[in-house]
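Asks: Starting off with a structure, shown below.
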Amino acid sequence: MFKKMLKVMTVSLLALSLVACSSGGSKKGETFDLKLWGSQEDQAFLQKRVEDFKAANKDNTYNITLGVVSEADAKTKITEDLEASADVFAFANDQLRDLVGAGALYEITKNKDQIVKENMEGSIDAVTLDGKMYGYPFTADNGYFMYYNSGFFSADDVLSLDKMLAKAEAEGKKVFFDLSNGWYISSFFLGAGGKLELGSNGKQVIDWNNETGVKVGEYLRKFAASPAFMTGDDNVMNAGAADGSIVAAVSGTWTADQFATAYGDGYAATKLPEITIDGKGVQMASFAGYKVYGVNSHTKAPIAAMELAEFLSNEESQVQRFEARKLGPSNLKAAESEAVKKDVALSALAQQGKFAHSQKDVVGEYWGPAEAFGTDLENKSDKPMQELLDTLVKQIEQ
């Protein structure tokens with residue numbers, strides 16, 4: 001009995017020790033040797049912020065070695081040799097599931113609630129699996145929103161897609177949307193609460209053929225039938241904006257220069273509009289990609305590594321990164337900063353970021369059927385919407 005009690009006490013004390021270690025800061029007077037990996041483009045920024053980190057933590061000594069590994073290559077590089085890899089590294093959030101599966105990421109425990117509170121919901125979802133957080137978002141720079149000509153649409157007009165279409169139809173103008181692209185068409189279904197998840201069997205789970213989904217589909221059919229609807233690739237979109245026929249379009253930051261030139265003094269951008277489902281306004285959602293700092297599961301200094309990653313992704317760091325590299329912040333206050341607000345496209349991206357969903361649970365089986373469904377709508381298919389959506393869901397879940 002005594003041995004059992006002693007064992008329980010030992011386990012309890014160990015658990016308390018781990019909790020204290022996870023929630024507290026580094027002890028004073030310690031020396032930490034850390035490796036930090038970031039992209040080539042981020043090296044100057046990281047050198048400066050590392051020195052700022054040291055200055056803010058003078059009670060300890062930090063020997064931080066910088067290495068060049070792009071966010072896109074992080075998963076491949078770090079899983080080659082976890083022991084020799086960086087303690088803190090930047091990666092694209094669509095690598096999260098593979099990195100967790102490889103046992104490469106340390107679960108973020110220090111200041112978790114604060115980090116969740118300070119960043120966009122979509123960015124936190126992008127670094128979370130099974131209720132556990134595995135990274136620090138530091139950008140929200142790969143997503144879409146709506147450009148518009150403010151000489152044609154007012155700020156009130158662009159709150160509602162219905163208002164926009166009615167006005168554009170009356171004036172013989174076009175609203176551009178690439179309906180046969182699964183990345184974009186998802187915004188209608190996700191906004192209405194549609195599910196697009198990864199099941200326990202590793203297959204896509206989607207419920208867009210339910211009652212609400214059918215109503216969304218009928219809205220899309222009506223949208224595609226509007227004389228104001230225009231679709232195509234970026235070349236079609238850019239040409240229409242340039243000749244004045246397209247007065248609004250859904251796209252991303254990569255087309256900012258084209259719209260700024262085309263719309264001139266009328267150049268404007270904002271979040272996606274609302275659509276009307278069952279007589280109620282529904283905010284369109286979006287997909288978004290995030291850049292993230294992860295902590296190596298094999299780090300010998302997890303608390304110091306978490307402190308460094310948190311510092312490099314905090315509000316001040318995100319504002320400075322935007323000023324240095326024009327990358328959109330995931331931090332809510334940074335996204336509302338004057339510096340970001342002055343950038344038309346990134347300000348709109350930040351607005352839409354509040355309604356964005358991570359792609360971490362979207363697998364390859366989704367894209368083809370989604371494109372086919374959108375193409376059917378563009379081609380004015382007269383098949384029952386329930387049949388079209390049943391086919392979409394069946395093909396994806398196979």
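Chain labels A, B, ... are given in the sequence in which chains occur in the structure tokens; within each chain residues are numbered consecutively from 1, and ligands are likewise numbered from 1 in the order shown.
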Mind checking which residues fall within 10 Å of Glu218 in chain A, counting only C-alpha atoms, ignoring those fewer than 3 positions away in the same chain, and posting them as a list in words?
Replies: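 Using only C-alpha atoms, the neighbours found are Thr212, Gly213, Val214, Lys215, Arg221, Lys222, Phe223, Ala224, Ile277, Leu377, Pro384, Met385 and Gln386 of chain A.
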Asks: Among range 228-324 of chain A, which ones does DSSP place in strand (DSSP E or B), written as an NGL selection string?
Replies: :A and (229-230 or 246-251 or 267-270 or 274-277 or 280-283 or 286-296)
Asks: Which of these, A:Ser317, A:Gln95, A:Ser337, A:Ser187, has the shortest distance to Val282 in chain A once you count only C-alpha atoms?
Replies: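 Among the listed residues, A:Ser187 lies closest to Val282 in chain A.
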Asks: Point out the residue among A:Ala192, A:Lys280, A:Ala170, A:Val158 with the least atom-to-atom distance to Glu211 in chain A, counting only C-alpha atoms.
Replies: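 Ranking A:Ala192, A:Lys280, A:Ala170, A:Val158 by distance to Glu211 in chain A, first place goes to A:Ala192.
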Asks: Which residues of range 55-85 of chain A come within 8 Å of range 290-314 of chain A, and for each one, what is the closest pair of atoms and their distance in Å to one decimal, counting only C-alpha atoms, sorted by chain and residue number, as a tab-separated table?
Replies:
residue	atom	partner	partner_atom	distance
A:Glu71	CA	A:Lys291	CA	7.2
A:Leu82	CA	A:His298	CA	6.4
A:Glu83	CA	A:His298	CA	5.9
A:Ser85	CA	A:Asn296	CA	7.6
Asks: Could those selected residues go to a file with N, CA, C and O atoms, as a compact mmCIF listing (two decimals), in the first residue's frame?
Replies:
# COMPACT_ATOMS: atom_id res chain seq x y z
N GLU A 71 10.05 28.51 -45.39
CA GLU A 71 8.86 27.93 -44.79
C GLU A 71 8.38 26.73 -45.59
O GLU A 71 7.91 25.75 -45.03
N LEU A 82 15.79 15.23 -36.57
CA LEU A 82 15.19 16.08 -35.55
C LEU A 82 16.21 16.55 -34.52
O LEU A 82 16.18 17.69 -34.05
N GLU A 83 17.13 15.69 -34.16
CA GLU A 83 18.13 16.02 -33.15
C GLU A 83 19.03 17.18 -33.59
O GLU A 83 19.41 18.02 -32.80
N SER A 85 18.25 19.44 -35.97
CA SER A 85 17.50 20.55 -36.55
C SER A 85 17.34 21.71 -35.57
O SER A 85 17.72 21.61 -34.40
Asks: Could you tell me how far CA of Lys27 in chain A sits from CA of Lys54 in chain A, in Å to one decimal place?
Replies: 14.5 Å
Asks: Could you work out how far CA of Tyr148 in chain A lies from CA of Ala262 in chain A, giving the answer in Å with one decimal?
Replies: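 Atom-to-atom, CA of Ala262 in chain A and CA of Tyr148 in chain A are spaced 10.4 Å apart.
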Asks: Which residues come within 9 Å of range 339-342 of chain A, counting only C-alpha atoms, excluding same-chain residues fewer than 6 positions away, as a PDB file with C-alpha atoms, in the first residue's frame?
Replies:
ATOM      1  CA  VAL A 319       4.145  45.085 -37.212  1.00  0.00           C
ATOM      2  CA  PHE A 322       4.937  44.075 -42.202  1.00  0.00           C
ATOM      3  CA  GLU A 323       6.937  47.296 -42.377  1.00  0.00           C
ATOM      4  CA  LYS A 326       4.732  43.801 -46.355  1.00  0.00           C
ATOM      5  CA  GLY A 328       0.010  40.499 -43.481  1.00  0.00           C
ATOM      6  CA  PRO A 329      -0.264  39.983 -39.699  1.00  0.00           C
ATOM      7  CA  ALA A 348      -8.808  43.857 -46.609  1.00  0.00           C
ATOM      8  CA  ALA A 350      -6.887  41.297 -42.324  1.00  0.00           C
TER       9      ALA A 350
END
Asks: So which one's closest to Gly172 in chain A, A:Ala55, A:Met284, A:Leu327, A:Val247? Using only C-alpha atoms, please.
Replies: A:Val247
Asks: Rounded to one decimal in Å, what is the spacing between CA of Ile78 in chain A and CA of Glu118 in chain A?
Replies: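 These atoms are spaced 27.9 Å apart.
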Asks: Which residue gives the smallest distance to Lys354 in chain A among A:Ala288, A:Ala372, A:Val393, A:Ala334, with only C-alpha atoms counted?
Replies: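 Selected residue with least distance to Lys354 in chain A: A:Ala288.
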Asks: Which neighbours of Tyr366 in chain A fall inside 9 Å, counting only C-alpha atoms, when residues of the same chain fewer than 4 positions from it are skipped, and could you give them as number ranges by chain?
Replies: A: 182, 204, 362, 370-371, 392-393, 395-397
Asks: When DSSP is applied to the backbone of this structure, which of range 102-278 of chain A are assigned helix (DSSP H, G or I)? Write them out as a compact mmCIF listing (two decimals) with C-alpha atoms, in the first residue's frame.
Replies:
# COMPACT_ATOMS: atom_id res chain seq x y z
CA LYS A 112 -1.29 29.58 -24.70
CA ASP A 113 -4.49 31.42 -23.70
CA GLN A 114 -2.88 34.79 -24.34
CA ILE A 115 -1.60 33.75 -27.77
CA VAL A 116 -5.05 32.44 -28.69
CA LYS A 117 -6.64 35.70 -27.57
CA GLU A 118 -4.20 37.89 -29.50
CA GLU A 121 -9.29 32.64 -34.89
CA GLY A 122 -8.38 31.16 -38.27
CA SER A 123 -4.67 31.39 -37.52
CA ILE A 124 -5.11 29.58 -34.20
CA ASP A 125 -7.18 26.87 -35.88
CA ASP A 157 -22.95 48.50 -51.40
CA VAL A 158 -20.06 46.09 -50.90
CA LEU A 159 -21.46 44.73 -47.64
CA LEU A 161 -23.40 40.64 -52.79
CA ASP A 162 -27.08 41.03 -53.64
CA LYS A 163 -26.77 44.84 -53.63
CA MET A 164 -23.64 44.65 -55.74
CA LEU A 165 -25.22 42.42 -58.37
CA ALA A 166 -28.35 44.56 -58.59
CA LYS A 167 -26.32 47.72 -59.10
CA ALA A 168 -23.92 46.10 -61.58
CA GLU A 169 -26.83 44.61 -63.58
CA ALA A 170 -28.50 48.02 -63.81
CA GLU A 171 -25.33 49.62 -65.17
CA GLY A 182 -12.63 25.01 -55.19
CA TRP A 183 -10.50 27.49 -53.26
CA TYR A 184 -13.03 30.25 -53.89
CA ILE A 185 -16.38 28.43 -54.13
CA SER A 186 -15.87 27.07 -50.60
CA SER A 187 -16.44 30.60 -49.25
CA PHE A 188 -20.21 30.32 -49.75
CA PHE A 189 -20.60 26.94 -48.03
CA LEU A 190 -18.14 27.55 -45.20
CA GLY A 191 -19.77 30.90 -44.50
CA GLU A 211 -30.64 21.33 -46.40
CA THR A 212 -28.57 24.45 -45.88
CA GLY A 213 -26.08 23.37 -48.52
CA VAL A 214 -28.84 23.03 -51.11
CA LYS A 215 -29.99 26.58 -50.32
CA VAL A 216 -26.40 27.80 -50.76
CA GLY A 217 -26.21 25.92 -54.05
CA GLU A 218 -29.39 27.57 -55.30
CA TYR A 219 -27.95 30.95 -54.37
CA LEU A 220 -24.86 30.10 -56.40
CA ARG A 221 -27.02 29.06 -59.35
CA LYS A 222 -28.79 32.42 -59.21
CA PHE A 223 -25.43 34.20 -58.91
CA ALA A 224 -24.03 32.41 -61.97
CA ALA A 225 -27.18 33.28 -63.96
CA ASP A 234 -6.56 36.07 -63.69
CA ASN A 235 -5.93 37.25 -67.26
CA VAL A 236 -9.67 37.65 -67.87
CA MET A 237 -10.07 39.37 -64.52
CA ASN A 238 -7.18 41.80 -65.04
CA ALA A 239 -8.33 42.69 -68.55
CA GLY A 240 -11.88 43.37 -67.36
CA ALA A 241 -10.66 45.57 -64.51
CA ALA A 242 -8.42 47.49 -66.93
CA ASP A 243 -11.19 48.17 -69.47
CA THR A 253 -2.64 40.31 -52.70
CA TRP A 254 -0.78 39.09 -55.79
CA THR A 255 -3.12 41.15 -58.02
CA ALA A 256 -3.00 44.34 -55.94
CA ASP A 257 -0.84 46.27 -58.39
CA GLN A 258 -3.13 45.47 -61.32
CA PHE A 259 -6.23 46.68 -59.49
CA ALA A 260 -4.46 49.76 -58.15
CA THR A 261 -3.55 50.71 -61.72
CA ALA A 262 -6.96 49.81 -63.18
CA TYR A 263 -9.10 51.57 -60.58
CA GLY A 264 -6.82 54.54 -59.91
CA ASP A 265 -8.41 56.90 -57.37
CA GLY A 266 -11.26 54.39 -57.00
Asks: Identify which of the residues A:Trp208, A:Phe229, A:Tyr144, A:Phe32 lies closest to Phe177 in chain A, counting only C-alpha atoms when measuring atom-to-atom distances.
Replies: A:Phe229
